[in-house]
>>> print(open('my_file14.pdb').read())   # PDB, C-alpha atoms
ATOM      1  CA  MET A  26      53.876 -28.245 -71.720
ATOM      2  CA  SER A  27      51.430 -31.163 -71.891
ATOM      3  CA  PRO A  28      47.658 -30.688 -71.482
ATOM      4  CA  GLU A  29      47.788 -32.871 -68.346
ATOM      5  CA  LEU A  30      50.392 -30.622 -66.724
ATOM      6  CA  LEU A  31      48.366 -27.541 -67.630
ATOM      7  CA  GLY A  32      45.363 -29.246 -66.054
ATOM      8  CA  LEU A  33      47.323 -29.957 -62.868
ATOM      9  CA  ILE A  34      48.479 -26.332 -62.632
ATOM     10  CA  ALA A  35      44.896 -25.153 -63.135
ATOM     11  CA  ILE A  36      43.681 -27.477 -60.371
ATOM     12  CA  VAL A  37      46.301 -26.234 -57.918
ATOM     13  CA  ALA A  38      45.347 -22.638 -58.749
ATOM     14  CA  ILE A  39      41.598 -23.239 -58.376
ATOM     15  CA  ALA A  40      42.181 -25.260 -55.184
ATOM     16  CA  LEU A  41      44.045 -22.335 -53.656
ATOM     17  CA  ALA A  42      41.257 -20.028 -54.853
ATOM     18  CA  PHE A  43      38.790 -22.295 -53.038
ATOM     19  CA  ASP A  44      41.021 -22.138 -49.967
ATOM     20  CA  TYR A  45      40.940 -18.357 -50.169
ATOM     21  CA  THR A  46      37.123 -18.313 -50.425
ATOM     22  CA  ASN A  47      37.052 -20.750 -47.516
ATOM     23  CA  GLY A  48      39.051 -18.221 -45.516
ATOM     24  CA  PHE A  49      36.802 -15.225 -46.107
ATOM     25  CA  HIS A  50      33.642 -17.357 -46.023
ATOM     26  CA  ASP A  51      34.577 -18.893 -42.669
ATOM     27  CA  ALA A  52      36.436 -15.980 -41.068
ATOM     28  CA  ALA A  53      33.266 -15.341 -39.102
ATOM     29  CA  ASN A  54      33.520 -18.769 -37.479
ATOM     30  CA  ALA A  55      36.536 -17.723 -35.460
ATOM     31  CA  ILE A  56      35.864 -14.096 -34.655
ATOM     32  CA  ALA A  57      32.156 -13.237 -34.940
ATOM     33  CA  THR A  58      31.528 -13.787 -31.250
ATOM     34  CA  ALA A  59      34.629 -11.838 -30.170
ATOM     35  CA  VAL A  60      33.699  -8.917 -32.435
ATOM     36  CA  SER A  61      30.021  -8.894 -31.425
ATOM     37  CA  THR A  62      30.945  -8.710 -27.725
ATOM     38  CA  ARG A  63      33.602  -6.050 -28.459
ATOM     39  CA  ALA A  64      36.402  -8.222 -27.117
ATOM     40  CA  LEU A  65      38.313  -7.338 -30.300
ATOM     41  CA  THR A  66      37.964  -4.756 -33.024
ATOM     42  CA  PRO A  67      37.049  -6.301 -36.387
ATOM     43  CA  ARG A  68      40.435  -5.611 -38.011
ATOM     44  CA  ALA A  69      42.436  -6.808 -35.000
ATOM     45  CA  ALA A  70      40.261  -9.929 -34.845
ATOM     46  CA  LEU A  71      40.827 -10.659 -38.532
ATOM     47  CA  LEU A  72      44.584 -10.234 -38.203
ATOM     48  CA  MET A  73      44.689 -12.557 -35.196
ATOM     49  CA  ALA A  74      42.500 -15.107 -36.990
ATOM     50  CA  ALA A  75      44.694 -14.985 -40.106
ATOM     51  CA  VAL A  76      47.853 -15.676 -38.092
ATOM     52  CA  MET A  77      46.261 -18.518 -36.102
ATOM     53  CA  ASN A  78      44.803 -20.013 -39.296
ATOM     54  CA  LEU A  79      48.295 -20.045 -40.773
ATOM     55  CA  ILE A  80      49.749 -21.800 -37.734
ATOM     56  CA  GLY A  81      46.891 -24.283 -37.459
ATOM     57  CA  ALA A  82      47.194 -25.249 -41.102
ATOM     58  CA  LEU A  83      50.802 -26.368 -40.644
ATOM     59  CA  VAL A  84      50.591 -28.677 -37.633
ATOM     60  CA  ALA A  85      48.810 -31.825 -38.912
ATOM     61  CA  THR A  86      47.822 -33.705 -42.085
ATOM     62  CA  GLY A  87      45.402 -36.415 -40.905
ATOM     63  CA  VAL A  88      42.320 -34.664 -42.259
ATOM     64  CA  ALA A  89      44.109 -33.969 -45.574
ATOM     65  CA  LYS A  90      44.793 -37.697 -46.045
ATOM     66  CA  THR A  91      41.160 -38.518 -45.257
ATOM     67  CA  VAL A  92      39.872 -36.048 -47.866
ATOM     68  CA  GLY A  93      42.443 -37.105 -50.459
ATOM     69  CA  SER A  94      42.022 -40.862 -50.152
ATOM     70  CA  GLY A  95      38.872 -41.585 -48.127
ATOM     71  CA  ILE A  96      36.034 -40.002 -50.143
ATOM     72  CA  ILE A  97      36.519 -41.115 -53.751
ATOM     73  CA  ALA A  98      38.887 -43.538 -55.441
ATOM     74  CA  ALA A  99      41.823 -41.732 -57.017
ATOM     75  CA  PRO A 100      40.859 -41.071 -60.660
ATOM     76  CA  GLU A 101      43.298 -41.450 -63.512
ATOM     77  CA  GLY A 102      44.458 -39.460 -66.521
ATOM     78  CA  ALA A 103      43.006 -36.348 -68.098
ATOM     79  CA  SER A 104      39.421 -37.220 -67.173
ATOM     80  CA  GLY A 105      40.530 -37.585 -63.559
ATOM     81  CA  LEU A 106      41.999 -34.093 -63.566
ATOM     82  CA  VAL A 107      38.759 -32.723 -65.021
ATOM     83  CA  LEU A 108      36.900 -34.545 -62.230
ATOM     84  CA  VAL A 109      38.960 -32.859 -59.503
ATOM     85  CA  PHE A 110      38.661 -29.477 -61.210
ATOM     86  CA  SER A 111      34.871 -29.878 -61.442
ATOM     87  CA  ALA A 112      34.649 -30.764 -57.759
ATOM     88  CA  LEU A 113      36.389 -27.513 -56.867
ATOM     89  CA  ILE A 114      34.095 -25.488 -59.132
ATOM     90  CA  GLY A 115      31.066 -27.000 -57.378
ATOM     91  CA  ALA A 116      32.470 -26.128 -53.954
ATOM     92  CA  ILE A 117      33.453 -22.574 -54.874
ATOM     93  CA  THR A 118      30.070 -21.888 -56.484
ATOM     94  CA  TRP A 119      28.171 -22.929 -53.350
ATOM     95  CA  ASN A 120      30.584 -20.972 -51.142
ATOM     96  CA  LEU A 121      29.937 -17.805 -53.113
ATOM     97  CA  ILE A 122      26.154 -18.285 -53.143
ATOM     98  CA  THR A 123      25.940 -18.787 -49.379
ATOM     99  CA  TRP A 124      28.419 -15.970 -48.719
ATOM    100  CA  TYR A 125      26.299 -13.597 -50.809
ATOM    101  CA  TYR A 126      23.193 -14.406 -48.757
ATOM    102  CA  GLY A 127      25.098 -14.333 -45.466
ATOM    103  CA  LEU A 128      24.486 -18.008 -44.665
ATOM    104  CA  PRO A 129      27.168 -19.794 -42.618
ATOM    105  CA  SER A 130      27.221 -23.018 -44.621
ATOM    106  CA  SER A 131      30.061 -25.537 -44.611
ATOM    107  CA  SER A 132      32.947 -25.085 -47.045
ATOM    108  CA  SER A 133      34.095 -28.559 -46.032
ATOM    109  CA  HIS A 134      30.854 -30.219 -47.024
ATOM    110  CA  ALA A 135      30.707 -28.158 -50.211
ATOM    111  CA  LEU A 136      34.094 -29.604 -51.171
ATOM    112  CA  ILE A 137      33.059 -33.149 -50.296
ATOM    113  CA  GLY A 138      29.784 -32.719 -52.177
ATOM    114  CA  GLY A 139      31.745 -31.495 -55.189
ATOM    115  CA  LEU A 140      34.014 -34.548 -55.089
ATOM    116  CA  VAL A 141      31.077 -36.961 -54.848
ATOM    117  CA  GLY A 142      29.056 -35.230 -57.578
ATOM    118  CA  ALA A 143      31.948 -35.075 -60.029
ATOM    119  CA  ALA A 144      32.887 -38.696 -59.281
ATOM    120  CA  LEU A 145      29.342 -39.889 -59.955
ATOM    121  CA  ALA A 146      29.210 -37.947 -63.217
ATOM    122  CA  ALA A 147      32.539 -39.487 -64.244
ATOM    123  CA  SER A 148      31.479 -43.001 -63.170
ATOM    124  CA  ASN A 149      34.380 -42.954 -60.736
ATOM    125  CA  ASP A 150      34.112 -45.017 -57.565
ATOM    126  CA  VAL A 151      32.791 -43.227 -54.489
ATOM    127  CA  GLN A 152      33.901 -44.737 -51.191
ATOM    128  CA  TRP A 153      30.462 -44.684 -49.615
ATOM    129  CA  MET A 154      31.534 -46.205 -46.313
ATOM    130  CA  GLY A 155      34.152 -43.486 -46.014
ATOM    131  CA  VAL A 156      31.526 -40.837 -46.804
ATOM    132  CA  ILE A 157      29.199 -42.263 -44.147
ATOM    133  CA  ASP A 158      31.827 -42.859 -41.451
ATOM    134  CA  LYS A 159      33.990 -39.795 -41.978
ATOM    135  CA  VAL A 160      31.504 -37.227 -43.297
ATOM    136  CA  LEU A 161      27.836 -37.932 -42.634
ATOM    137  CA  ILE A 162      28.101 -39.295 -39.085
ATOM    138  CA  PRO A 163      30.454 -36.480 -37.931
ATOM    139  CA  MET A 164      28.215 -33.986 -39.775
ATOM    140  CA  VAL A 165      25.287 -35.028 -37.587
ATOM    141  CA  LEU A 166      27.180 -35.580 -34.333
ATOM    142  CA  SER A 167      29.465 -32.525 -34.240
ATOM    143  CA  PRO A 168      26.633 -29.928 -34.070
ATOM    144  CA  LEU A 169      24.779 -31.986 -31.458
ATOM    145  CA  ILE A 170      27.928 -32.337 -29.369
ATOM    146  CA  GLY A 171      28.754 -28.657 -29.851
ATOM    147  CA  PHE A 172      25.272 -27.627 -28.730
ATOM    148  CA  GLY A 173      25.244 -29.941 -25.706
ATOM    149  CA  LEU A 174      28.761 -29.164 -24.457
ATOM    150  CA  ALA A 175      28.310 -25.415 -24.920
ATOM    151  CA  TYR A 176      25.033 -25.567 -22.999
ATOM    152  CA  LEU A 177      26.679 -27.460 -20.117
ATOM    153  CA  LEU A 178      29.778 -25.249 -20.063
ATOM    154  CA  MET A 179      27.620 -22.131 -19.953
ATOM    155  CA  LEU A 180      25.556 -23.565 -17.099
ATOM    156  CA  ALA A 181      28.791 -24.276 -15.212
ATOM    157  CA  LEU A 182      30.008 -20.706 -15.771
ATOM    158  CA  LEU A 183      26.703 -19.253 -14.676
ATOM    159  CA  TRP A 184      26.814 -21.283 -11.481
ATOM    160  CA  GLY A 185      30.509 -20.697 -10.820
ATOM    161  CA  PHE A 186      30.268 -16.921 -11.254
ATOM    162  CA  ARG A 187      26.780 -16.479  -9.799
ATOM    163  CA  LYS A 188      28.070 -14.191  -7.027
ATOM    164  CA  ALA A 189      30.555 -12.251  -9.148
ATOM    165  CA  ASN A 190      30.214  -8.575  -9.940
ATOM    166  CA  PRO A 191      28.530  -8.531 -13.402
ATOM    167  CA  ARG A 192      30.655  -5.661 -14.721
ATOM    168  CA  LYS A 193      33.962  -7.167 -13.574
ATOM    169  CA  MET A 194      32.909 -10.613 -14.832
ATOM    170  CA  SER A 195      32.027  -9.218 -18.256
ATOM    171  CA  ARG A 196      35.342  -7.388 -18.473
ATOM    172  CA  GLY A 197      37.263 -10.528 -17.501
ATOM    173  CA  PHE A 198      35.495 -12.730 -20.025
ATOM    174  CA  ARG A 199      36.006 -10.118 -22.725
ATOM    175  CA  LYS A 200      39.758 -10.529 -22.187
ATOM    176  CA  ALA A 201      39.434 -14.311 -22.048
ATOM    177  CA  GLN A 202      37.653 -14.216 -25.398
ATOM    178  CA  ILE A 203      40.860 -13.122 -27.088
ATOM    179  CA  GLY A 204      42.327 -16.508 -26.170
ATOM    180  CA  SER A 205      39.203 -18.489 -27.041
ATOM    181  CA  ALA A 206      38.867 -16.734 -30.414
ATOM    182  CA  ALA A 207      42.531 -17.497 -31.145
ATOM    183  CA  ALA A 208      41.919 -21.146 -30.242
ATOM    184  CA  MET A 209      38.931 -21.230 -32.582
ATOM    185  CA  ALA A 210      40.971 -19.702 -35.422
ATOM    186  CA  PHE A 211      43.725 -22.268 -34.856
ATOM    187  CA  GLY A 212      41.100 -25.023 -35.102
ATOM    188  CA  HIS A 213      39.757 -23.546 -38.322
ATOM    189  CA  GLY A 214      43.196 -23.662 -39.912
ATOM    190  CA  LEU A 215      43.739 -27.149 -38.519
ATOM    191  CA  GLN A 216      40.554 -28.425 -40.129
ATOM    192  CA  ASP A 217      39.775 -26.401 -43.224
ATOM    193  CA  ALA A 218      43.180 -25.796 -44.797
ATOM    194  CA  GLN A 219      43.834 -29.535 -44.663
ATOM    195  CA  LYS A 220      40.842 -30.210 -46.893
ATOM    196  CA  THR A 221      42.387 -28.146 -49.666
ATOM    197  CA  MET A 222      45.701 -29.922 -49.129
ATOM    198  CA  GLY A 223      43.904 -33.236 -49.563
ATOM    199  CA  VAL A 224      42.410 -32.196 -52.908
ATOM    200  CA  ILE A 225      45.752 -30.954 -54.233
ATOM    201  CA  VAL A 226      47.393 -34.232 -53.221
ATOM    202  CA  LEU A 227      44.551 -36.125 -54.923
ATOM    203  CA  ALA A 228      45.340 -34.163 -58.101
ATOM    204  CA  LEU A 229      49.065 -34.966 -57.764
ATOM    205  CA  VAL A 230      48.276 -38.677 -57.427
ATOM    206  CA  THR A 231      45.903 -38.484 -60.402
ATOM    207  CA  TYR A 232      48.583 -36.778 -62.480
ATOM    208  CA  GLY A 233      51.122 -39.405 -61.430
ATOM    209  CA  SER A 234      53.689 -37.168 -59.761
ATOM    210  CA  GLN A 235      53.356 -39.116 -56.490
ATOM    211  CA  ASP A 236      51.870 -42.466 -55.534
ATOM    212  CA  ASP A 237      50.898 -41.852 -51.909
ATOM    213  CA  PHE A 238      48.813 -39.286 -50.039
ATOM    214  CA  ASP A 239      51.566 -37.684 -47.977
ATOM    215  CA  VAL A 240      51.315 -33.898 -48.110
ATOM    216  CA  PRO A 241      54.398 -32.144 -49.574
ATOM    217  CA  LEU A 242      55.708 -29.096 -47.743
ATOM    218  CA  TRP A 243      54.922 -26.734 -50.629
ATOM    219  CA  VAL A 244      51.277 -27.863 -50.527
ATOM    220  CA  LYS A 245      51.095 -27.213 -46.772
ATOM    221  CA  LEU A 246      52.613 -23.754 -47.104
ATOM    222  CA  SER A 247      50.541 -22.643 -50.083
ATOM    223  CA  ALA A 248      47.246 -23.864 -48.587
ATOM    224  CA  ALA A 249      48.068 -22.314 -45.214
ATOM    225  CA  LEU A 250      48.911 -18.965 -46.820
ATOM    226  CA  ALA A 251      45.804 -18.958 -49.045
ATOM    227  CA  ILE A 252      43.367 -19.587 -46.190
ATOM    228  CA  SER A 253      45.181 -17.052 -44.032
ATOM    229  CA  LEU A 254      44.928 -14.344 -46.689
ATOM    230  CA  GLY A 255      41.271 -15.191 -47.268
ATOM    231  CA  THR A 256      40.578 -14.938 -43.558
ATOM    232  CA  TYR A 257      42.159 -11.502 -43.406
ATOM    233  CA  ALA A 258      39.953 -10.397 -46.292
ATOM    234  CA  GLY A 259      37.015 -11.002 -43.948
ATOM    235  CA  GLY A 260      33.488 -12.343 -44.250
ATOM    236  CA  TRP A 261      31.357  -9.501 -42.947
ATOM    237  CA  ARG A 262      27.988 -10.751 -44.158
ATOM    238  CA  ILE A 263      28.296 -14.079 -42.356
ATOM    239  CA  MET A 264      29.872 -12.402 -39.330
ATOM    240  CA  ARG A 265      26.685 -10.404 -38.806
ATOM    241  CA  THR A 266      24.601 -13.588 -38.951
ATOM    242  CA  LEU A 267      26.705 -15.492 -36.425
ATOM    243  CA  GLY A 268      27.414 -12.581 -34.113
ATOM    244  CA  ARG A 269      24.015 -10.906 -33.950
ATOM    245  CA  LYS A 270      21.163 -12.649 -35.728
ATOM    246  CA  ILE A 271      21.131 -16.000 -33.904
ATOM    247  CA  ILE A 272      21.320 -14.483 -30.412
ATOM    248  CA  GLU A 273      22.688 -11.354 -28.766
ATOM    249  CA  LEU A 274      25.910 -12.641 -27.202
ATOM    250  CA  ASP A 275      27.636 -11.397 -24.067
ATOM    251  CA  PRO A 276      31.335 -12.090 -23.289
ATOM    252  CA  PRO A 277      30.770 -15.185 -21.079
ATOM    253  CA  ARG A 278      28.577 -16.804 -23.733
ATOM    254  CA  GLY A 279      31.010 -15.866 -26.487
ATOM    255  CA  PHE A 280      33.853 -17.432 -24.504
ATOM    256  CA  ALA A 281      31.855 -20.616 -23.833
ATOM    257  CA  ALA A 282      30.840 -20.994 -27.483
ATOM    258  CA  GLU A 283      34.366 -20.493 -28.835
ATOM    259  CA  THR A 284      35.980 -22.757 -26.246
ATOM    260  CA  THR A 285      33.537 -25.571 -26.940
ATOM    261  CA  ALA A 286      33.841 -25.298 -30.702
ATOM    262  CA  ALA A 287      37.650 -25.243 -30.556
ATOM    263  CA  GLY A 288      37.635 -28.379 -28.389
ATOM    264  CA  VAL A 289      35.452 -30.239 -30.892
ATOM    265  CA  LEU A 290      37.696 -29.189 -33.797
ATOM    266  CA  TYR A 291      40.880 -30.308 -32.028
ATOM    267  CA  THR A 292      39.415 -33.678 -31.068
ATOM    268  CA  THR A 293      38.107 -34.474 -34.539
ATOM    269  CA  ALA A 294      41.357 -33.414 -36.235
ATOM    270  CA  PHE A 295      43.974 -34.881 -33.885
ATOM    271  CA  VAL A 296      42.152 -37.951 -32.558
ATOM    272  CA  PHE A 297      39.823 -39.074 -35.350
ATOM    273  CA  ALA A 298      41.259 -37.280 -38.451
ATOM    274  CA  VAL A 299      37.746 -36.617 -39.776
ATOM    275  CA  PRO A 300      36.731 -33.452 -41.665
ATOM    276  CA  VAL A 301      34.056 -31.684 -39.630
ATOM    277  CA  SER A 302      32.550 -28.319 -40.360
ATOM    278  CA  THR A 303      33.844 -25.387 -38.338
ATOM    279  CA  THR A 304      30.663 -23.566 -39.345
ATOM    280  CA  HIS A 305      28.346 -26.244 -37.989
ATOM    281  CA  THR A 306      30.368 -26.530 -34.808
ATOM    282  CA  ILE A 307      30.507 -22.852 -33.830
ATOM    283  CA  THR A 308      26.918 -22.153 -34.913
ATOM    284  CA  SER A 309      25.547 -25.004 -32.814
ATOM    285  CA  ALA A 310      27.719 -23.897 -29.874
ATOM    286  CA  ILE A 311      26.264 -20.376 -30.134
ATOM    287  CA  MET A 312      22.775 -21.884 -30.085
ATOM    288  CA  GLY A 313      23.758 -23.970 -27.057
ATOM    289  CA  VAL A 314      24.952 -21.031 -24.976
ATOM    290  CA  GLY A 315      21.938 -19.023 -26.061
ATOM    291  CA  ALA A 316      19.558 -21.724 -24.888
ATOM    292  CA  THR A 317      20.801 -21.295 -21.308
ATOM    293  CA  ARG A 318      19.192 -17.863 -21.249
ATOM    294  CA  ARG A 319      15.904 -19.286 -22.404
ATOM    295  CA  LEU A 320      14.943 -21.248 -25.496
ATOM    296  CA  SER A 321      13.084 -18.273 -26.921
ATOM    297  CA  ALA A 322      16.288 -16.209 -26.765
ATOM    298  CA  VAL A 323      17.575 -18.131 -29.791
ATOM    299  CA  ARG A 324      16.107 -16.826 -33.019
ATOM    300  CA  TRP A 325      15.014 -20.219 -34.272
ATOM    301  CA  GLY A 326      13.747 -18.843 -37.590
ATOM    302  CA  VAL A 327      17.305 -17.771 -38.450
ATOM    303  CA  ALA A 328      18.564 -21.107 -37.137
ATOM    304  CA  ARG A 329      16.149 -23.006 -39.414
ATOM    305  CA  THR A 330      17.404 -21.068 -42.436
ATOM    306  CA  ILE A 331      20.996 -21.928 -41.512
ATOM    307  CA  VAL A 332      20.193 -25.619 -41.021
ATOM    308  CA  THR A 333      18.427 -25.677 -44.393
ATOM    309  CA  ALA A 334      21.632 -24.388 -45.997
ATOM    310  CA  TRP A 335      23.552 -27.136 -44.167
ATOM    311  CA  VAL A 336      21.257 -29.833 -45.542
ATOM    312  CA  LEU A 337      21.439 -28.478 -49.093
ATOM    313  CA  THR A 338      25.210 -27.987 -49.172
ATOM    314  CA  ILE A 339      26.385 -31.469 -50.192
ATOM    315  CA  PRO A 340      23.697 -32.133 -52.861
ATOM    316  CA  ALA A 341      23.863 -28.583 -54.252
ATOM    317  CA  ALA A 342      27.655 -28.623 -54.616
ATOM    318  CA  ALA A 343      27.429 -32.138 -56.042
ATOM    319  CA  LEU A 344      24.934 -31.045 -58.707
ATOM    320  CA  VAL A 345      27.061 -28.059 -59.758
ATOM    321  CA  ALA A 346      30.185 -30.220 -59.920
ATOM    322  CA  ALA A 347      28.430 -32.957 -61.910
ATOM    323  CA  GLY A 348      27.038 -30.431 -64.365
ATOM    324  CA  PHE A 349      30.400 -28.758 -64.813
ATOM    325  CA  TYR A 350      32.050 -32.139 -65.387
ATOM    326  CA  GLU A 351      29.532 -33.037 -68.106
ATOM    327  CA  VAL A 352      30.117 -29.734 -69.899
ATOM    328  CA  SER A 353      33.910 -30.035 -69.535
ATOM    329  CA  ARG A 354      33.840 -33.625 -70.785
ATOM    330  CA  LEU A 355      32.083 -32.562 -73.983
ATOM    331  CA  VAL A 356      34.478 -29.679 -74.565
ATOM    332  CA  LEU A 357      37.822 -31.092 -73.410
ATOM    333  CA  LEU A 358      37.737 -34.880 -73.570
TER     334      LEU A 358
END
>>> encode(input="my_file14.pdb", output="structure tokens")
Amino acid sequence: MSPELLGLIAIVAIALAFDYTNGFHDAANAIATAVSTRALTPRAALLMAAVMNLIGALVATGVAKTVGSGIIAAPEGASGLVLVFSALIGAITWNLITWYYGLPSSSSHALIGGLVGAALAASNDVQWMGVIDKVLIPMVLSPLIGFGLAYLLMLALLWGFRKANPRKMSRGFRKAQIGSAAAMAFGHGLQDAQKTMGVIVLALVTYGSQDDFDVPLWVKLSAALAISLGTYAGGWRIMRTLGRKIIELDPPRGFAAETTAAGVLYTTAFVFAVPVSTTHTITSAIMGVGATRRLSAVRWGVARTIVTAWVLTIPAAALVAAGFYEVSRLVLL
């Protein structure tokens, strides 16, 4: 077995490991609101999220092609495989750090930061216009849109149900949250599993086993299964942050936040094929519904800490990936 083939196998394995960490890191995105409002028990919510992640991961490949071909130029040879491996190490490292501290950072942006950092260290071309158009602009716009739409949807619900019996309304929205949480989990699989698919395809192109960025069926299935298993493993630390520390959610606000976030994820995946962060989207939506109560109801100190993690994600993952590439280059190349 050649060193290049061993390198490819290692990349596929570490990519699926990243996908798994993405699942347990971002499990909270889909179910934190439903669990915090007691619409679902934690274990039932995780099982539902795992199934919907699996389904969502299998229905489209537009985001995968963007990640595989739109961020960096496809590298070549053994050094190219080391580049892709280093990018994954950078992403996984940042995922684990933010998971440990309970910060809902973006696995997507960690992966993209890892790709850019490793590419710069390897003097490989970075497609900066692609990074700006398909990463940075959506990174800024998706939270703003999530916040604004969630705020407006919650205002509409408050007005539409202003005369309803509070207890009956809460019970009804608690049931509706099962559907909105499932929709959010589907969107998470739709977005986040595709990013891992894109990296695996990039490795296959680098190795030379295919010359286009179409996603093979085995890549779809393995990435979908990995993120689903990771989701079922759960991300309890981050779940507490999203479900309780930003704002105390009630069922109507949980429903509004999940519905808004799911809509943003579907639009960006199906219409624009851009990789947006499920974490950014649901967190900003939670802030949006919370602001309808009063601005002081949102714990802005927690929100500032989360936003700081967002800002640091791409450069931090890039630095780890670049450093790992330099060490690997000295040892392996």
>>> closest_residue(input="my_file14.pdb", among="A:Trp119, A:Trp243, A:Tyr291, A:Tyr45", to="Gly212 of chain A", atoms="all atoms listed in the file")
A:Tyr291
>>> residues_around(input="my_file14.pdb", residues="Phe295 of chain A", least_positions_apart="3", cutoff="8 Å", atoms="all atoms listed in the file", output="list in words")
Ala85, Gly87, Tyr291, Thr292 and Ala298 of chain A
>>> closest_residue(input="my_file14.pdb", among="A:Met312, A:Val92, A:Ala64, A:Ala201", to="Gln152 of chain A", atoms="only C-alpha atoms")
A:Val92
>>> atom_distance(input="my_file14.pdb", atom1="atom CA of Ser205 of chain A", atom2="atom CA of Asp158 of chain A")
29.3 Å
>>> resolve_selection(input="my_file14.pdb", expression="the PyMOL selection byres ((chain A and resi 332-349) around 7)", output="VMD selection string")
chain A and resid 111 to 112 114 to 116 119 130 to 131 134 to 135 137 to 139 141 to 143 146 328 to 331 350 to 353
>>> resolve_selection(input="my_file14.pdb", expression="the PyMOL selection byres ((chain A and resi 28) around 12)", output="PyMOL selection string")
chain A and resi 26-27+29-35+102-104+106-107+232+357-358
>>> build_atoms(input="my_file14.pdb", residues="segment 29-43 of chain A", atoms="N, CA and C atoms", output="mmCIF file, in the frame of the given file")
data_model
loop_
_atom_site.group_PDB
_atom_site.id
_atom_site.type_symbol
_atom_site.label_atom_id
_atom_site.label_comp_id
_atom_site.auth_asym_id
_atom_site.auth_seq_id
_atom_site.Cartn_x
_atom_site.Cartn_y
_atom_site.Cartn_z
ATOM 1 N N GLU A 29 47.971 -32.355 -69.713
ATOM 2 C CA GLU A 29 47.788 -32.871 -68.346
ATOM 3 C C GLU A 29 48.474 -31.970 -67.318
ATOM 4 N N LEU A 30 49.689 -31.502 -67.654
ATOM 5 C CA LEU A 30 50.392 -30.622 -66.724
ATOM 6 C C LEU A 30 49.671 -29.287 -66.578
ATOM 7 N N LEU A 31 49.159 -28.767 -67.709
ATOM 8 C CA LEU A 31 48.366 -27.541 -67.630
ATOM 9 C C LEU A 31 47.143 -27.750 -66.742
ATOM 10 N N GLY A 32 46.521 -28.935 -66.885
ATOM 11 C CA GLY A 32 45.363 -29.246 -66.054
ATOM 12 C C GLY A 32 45.719 -29.289 -64.580
ATOM 13 N N LEU A 33 46.876 -29.885 -64.253
ATOM 14 C CA LEU A 33 47.323 -29.957 -62.868
ATOM 15 C C LEU A 33 47.561 -28.555 -62.304
ATOM 16 N N ILE A 34 48.216 -27.705 -63.084
ATOM 17 C CA ILE A 34 48.479 -26.332 -62.632
ATOM 18 C C ILE A 34 47.164 -25.595 -62.392
ATOM 19 N N ALA A 35 46.199 -25.802 -63.294
ATOM 20 C CA ALA A 35 44.896 -25.153 -63.135
ATOM 21 C C ALA A 35 44.196 -25.639 -61.875
ATOM 22 N N ILE A 36 44.317 -26.933 -61.570
ATOM 23 C CA ILE A 36 43.681 -27.477 -60.371
ATOM 24 C C ILE A 36 44.308 -26.892 -59.108
ATOM 25 N N VAL A 37 45.634 -26.814 -59.088
ATOM 26 C CA VAL A 37 46.301 -26.234 -57.918
ATOM 27 C C VAL A 37 45.847 -24.787 -57.729
ATOM 28 N N ALA A 38 45.764 -24.045 -58.839
ATOM 29 C CA ALA A 38 45.347 -22.638 -58.749
ATOM 30 C C ALA A 38 43.913 -22.520 -58.248
ATOM 31 N N ILE A 39 43.002 -23.340 -58.787
ATOM 32 C CA ILE A 39 41.598 -23.239 -58.376
ATOM 33 C C ILE A 39 41.411 -23.777 -56.963
ATOM 34 N N ALA A 40 42.248 -24.757 -56.558
ATOM 35 C CA ALA A 40 42.181 -25.260 -55.184
ATOM 36 C C ALA A 40 42.585 -24.174 -54.193
ATOM 37 N N LEU A 41 43.623 -23.424 -54.536
ATOM 38 C CA LEU A 41 44.045 -22.335 -53.656
ATOM 39 C C LEU A 41 43.020 -21.198 -53.670
ATOM 40 N N ALA A 42 42.344 -21.013 -54.809
ATOM 41 C CA ALA A 42 41.257 -20.028 -54.853
ATOM 42 C C ALA A 42 40.116 -20.470 -53.934
ATOM 43 N N PHE A 43 39.807 -21.768 -53.957
ATOM 44 C CA PHE A 43 38.790 -22.295 -53.038
ATOM 45 C C PHE A 43 39.219 -22.077 -51.592
#
